[in-house]
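*Asks:* A single structure is presented below for examination.
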Amino acid sequence: MESSGQQRGGPPSTLGLLLSGGPGFAQIAITNVCNARCDFCSFAVGKLEKAHFRSATYEGVRDACDVLFDKGIRYLTFTGGEPMAHPRLLDMIAYAAAKRMNPVLVTNGSLLDDRACEDLAERGVQNVVISVDSEDEATHDLNRGFPGLWRRIGAANRRLGDLGIARTASVTVSRLVRDYAALPAALEGLGFDNLTFSYPLTALHSTYLSYSSSKLVEYGSDELVERFREIQRLKPRFPIMNPTESLNEMIRHLRKEKSRFPCLAGHKYFFVDWKLDVYRCHYFETPICSIYEFRDAAPIRDHCDLCMIDCYRDPSVLQYSAVALSDALGHLRRGRPLRAAGALFDRRTLDSLRAVGEGMSWLTRWKRKKRPAPARSASSSNEGPPPAGTPRPGDPL
Ligand code: SF4
Ligand code: SF4
């Protein structure tokens, strides 16, 4: 097993971090409570009994930030359930940002009014990821159980854009998307900068419940391969963050062919739940340990390819080249030049760099293409009443 480049007793320096394969990320689910009714998710209202509702404390998340930072984590994704339902979300984000971790928020958008957008910007959020289920407004709102949510997301995106926060649409590959070709116009109309597809999940074994045996996400392998091909064909029309090479990797997975890119979950990426247990990813039933024991946990590198969780598989393709460079340096330090060359001069390094270039080139072209946002009319203001049944941030759900 190669060194992770992480030092005991303190955070790695920026150079140390770069030489050890780059920074990692953690997804932290601060609550398992959600206010939405999505058919393909087991966090949905009515599916998780109230007796099992749990949320992390502010103090616990603060401790988690300290430990994760020392382990080289520089991107922290706040998720749930619905993280905006947590009364201390803003304090948690502010703490992470003050530690120079990049806080990202994943939300269903139901609680994103103007004030919430401004609060998030003030606390240091750089990217908000909002779920969109379909190219069709009514289908989306029906699945989420929030009439008017689509329009609310559009209004929130305008405000977030004004505040300089990047907006990513997260679209689950499901039967609610009936016309992939119509997605770019729909998402552009909603004010998104880019799009990431979530690959359909019918089973996870950790405490994370964002999966379901719903028919909406049940696909045969051939059908799913065709959906992935469709996503690849869509790439010239909108910035899609899933790398082409990662979609190819998922197609190999579906065809039970050998994977090319080792998953970095357990090495660079982690999942932390509301109990502050650290998991390698959402898939495994047993946590690595509690966050309070995590400083001493060794990285796991076993080329696992059991699942298709985009959150871990996509970045593993992108970060492959940085990790290969770190491995090569490790071999050189140990006087093994041939193994160093083998780690670096590998076709996968080139494909990984190409995937990084793909993302950067689409973003640049998209920014150039974008026209200035139209002036906001009174009717597009986000000051109106929230959708029926929408609680306020922090309201008990
Ligand atoms: S997909 Fe998200 S918004 Fe929908 S029920 Fe699950 S956690 Fe809630
Ligand atoms: S392939 Fe899936 S199960 Fe295996 S470590 Fe990666 S995310 Fe976890």
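By convention here, the chains of the structure tokens are called A, B, ... in the order presented, each chain's residues are numbered starting at 1, and ligands are numbered starting at 1 in the order presented.
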Apply DSSP to the structure's backbone, then extract all residues of range 64-215 of chain A labelled helix (DSSP H, G or I) and return them as a short mmCIF file (atom, residue, chain, number, x, y, z; two decimals) with C-alpha atoms, in the first residue's frame.
*Replies:*
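Output file result-v5.cif follows:
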data_model
loop_
_atom_site.label_atom_id
_atom_site.label_comp_id
_atom_site.auth_asym_id
_atom_site.auth_seq_id
_atom_site.Cartn_x
_atom_site.Cartn_y
_atom_site.Cartn_z
CA ALA A 64 -15.47 16.24 12.10
CA CYS A 65 -14.18 19.25 10.14
CA ASP A 66 -11.04 19.36 12.30
CA VAL A 67 -10.30 15.67 11.78
CA LEU A 68 -11.15 15.64 8.07
CA PHE A 69 -8.99 18.71 7.42
CA ASP A 70 -6.03 17.01 9.09
CA PRO A 83 -29.51 19.49 5.00
CA MET A 84 -31.30 22.85 4.90
CA ALA A 85 -33.74 21.46 7.47
CA LEU A 89 -26.42 24.24 8.88
CA LEU A 90 -25.15 27.80 8.39
CA ASP A 91 -22.86 27.57 11.44
CA MET A 92 -21.49 24.27 10.18
CA ILE A 93 -20.81 25.71 6.73
CA ALA A 94 -19.15 28.78 8.23
CA TYR A 95 -16.86 26.59 10.34
CA ALA A 96 -15.82 24.49 7.35
CA ALA A 97 -15.21 27.58 5.21
CA ALA A 98 -13.14 29.21 7.96
CA ASP A 114 -33.65 34.88 -1.16
CA ARG A 115 -32.62 35.15 2.46
CA ALA A 116 -31.31 31.57 2.53
CA CYS A 117 -29.28 32.21 -0.65
CA GLU A 118 -27.72 35.31 0.90
CA ASP A 119 -26.97 33.48 4.15
CA LEU A 120 -25.23 30.69 2.24
CA ALA A 121 -23.11 33.16 0.27
CA GLU A 122 -22.17 34.99 3.45
CA ARG A 123 -21.06 31.74 5.12
CA GLU A 137 -41.83 20.86 -14.56
CA ALA A 138 -44.99 19.01 -13.51
CA THR A 139 -43.22 15.63 -13.36
CA HIS A 140 -40.46 17.08 -11.19
CA ASP A 141 -42.82 18.81 -8.76
CA LEU A 142 -45.04 15.73 -8.48
CA ASN A 143 -42.15 13.39 -7.66
CA ARG A 144 -40.77 15.82 -5.07
CA LEU A 149 -40.79 23.78 -6.55
CA TRP A 150 -39.53 24.04 -10.16
CA ARG A 151 -40.21 27.78 -10.25
CA ARG A 152 -38.72 28.25 -6.83
CA ILE A 153 -35.50 26.59 -8.02
CA GLY A 154 -35.41 28.94 -11.02
CA ALA A 155 -35.79 31.97 -8.73
CA ALA A 156 -33.18 30.64 -6.28
CA ASN A 157 -30.71 30.06 -9.12
CA ARG A 158 -31.07 33.67 -10.25
CA ARG A 159 -30.29 34.90 -6.74
CA LEU A 160 -27.40 32.44 -6.30
CA GLY A 161 -26.03 33.56 -9.67
CA ASP A 162 -26.19 37.21 -8.57
CA TYR A 180 -32.78 13.62 -22.56
CA ALA A 181 -32.47 15.96 -25.53
CA ALA A 182 -34.88 18.39 -23.81
CA LEU A 183 -32.80 18.61 -20.61
CA PRO A 184 -30.28 21.30 -21.72
CA ALA A 185 -32.99 23.86 -22.56
CA ALA A 186 -34.93 23.06 -19.38
CA LEU A 187 -31.87 23.40 -17.16
CA GLU A 188 -30.63 26.50 -18.93
CA GLY A 189 -34.09 28.00 -18.39
CA LYS A 215 -39.40 0.97 -10.79
#
*Asks:* Which residues form the shell of 9 Å around ligand 2 when you count only C-alpha atoms and all ligand atoms, given as a PyMOL selection string?
*Replies:* chain A and resi 204+262-267+269+279-284+300-313+316
*Asks:* What is the distance, in Å and to one decimal place, between CA of Thr79 in chain A and CA of Gly359 in chain A?
*Replies:*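 Separation of CA of Thr79 in chain A and CA of Gly359 in chain A: 23.6 Å.
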*Asks:* Give the residues close to ligand 1, within 7 Å, counting only C-alpha atoms and all ligand atoms; write them as a ChimeraX atom specification.
*Replies:* /A:34-38,40-45,80-82,107-108,144,210
*Asks:* Just write the chosen residues, C-alpha atoms, as a compact mmCIF listing (two decimals), in the first residue's frame.
*Replies:*
# COMPACT_ATOMS: atom_id res chain seq x y z
CA CYS A 34 -36.21 15.08 4.58
CA ASN A 35 -39.26 17.10 3.62
CA ALA A 36 -39.65 15.68 0.09
CA ARG A 37 -41.48 12.63 -1.21
CA CYS A 38 -39.20 11.39 -3.99
CA PHE A 40 -36.75 6.70 -5.74
CA CYS A 41 -35.37 7.61 -2.30
CA SER A 42 -35.79 5.97 1.10
CA PHE A 43 -35.21 9.24 2.99
CA ALA A 44 -38.58 10.44 1.64
CA VAL A 45 -41.41 11.55 3.90
CA GLY A 80 -28.96 14.77 4.11
CA GLY A 81 -31.90 13.96 4.04
CA GLU A 82 -32.46 17.64 3.43
CA THR A 107 -30.41 20.34 -1.56
CA ASN A 108 -33.83 19.77 -3.05
CA ARG A 144 -40.77 15.82 -5.07
CA SER A 210 -30.80 7.68 -1.11
*Asks:* Name all residues at most 6 Å from Thr196 in chain A (count only C-alpha atoms; drop same-chain ones fewer than 3 positions away) and give them as a VMD selection string.
*Replies:* chain A and resid 170 240 to 242
*Asks:* Can you tell me, as a PyMOL selection string, which residues in range 157-216 of chain A count as strand (DSSP E) by DSSP?
*Replies:* chain A and resi 166-172+194-198
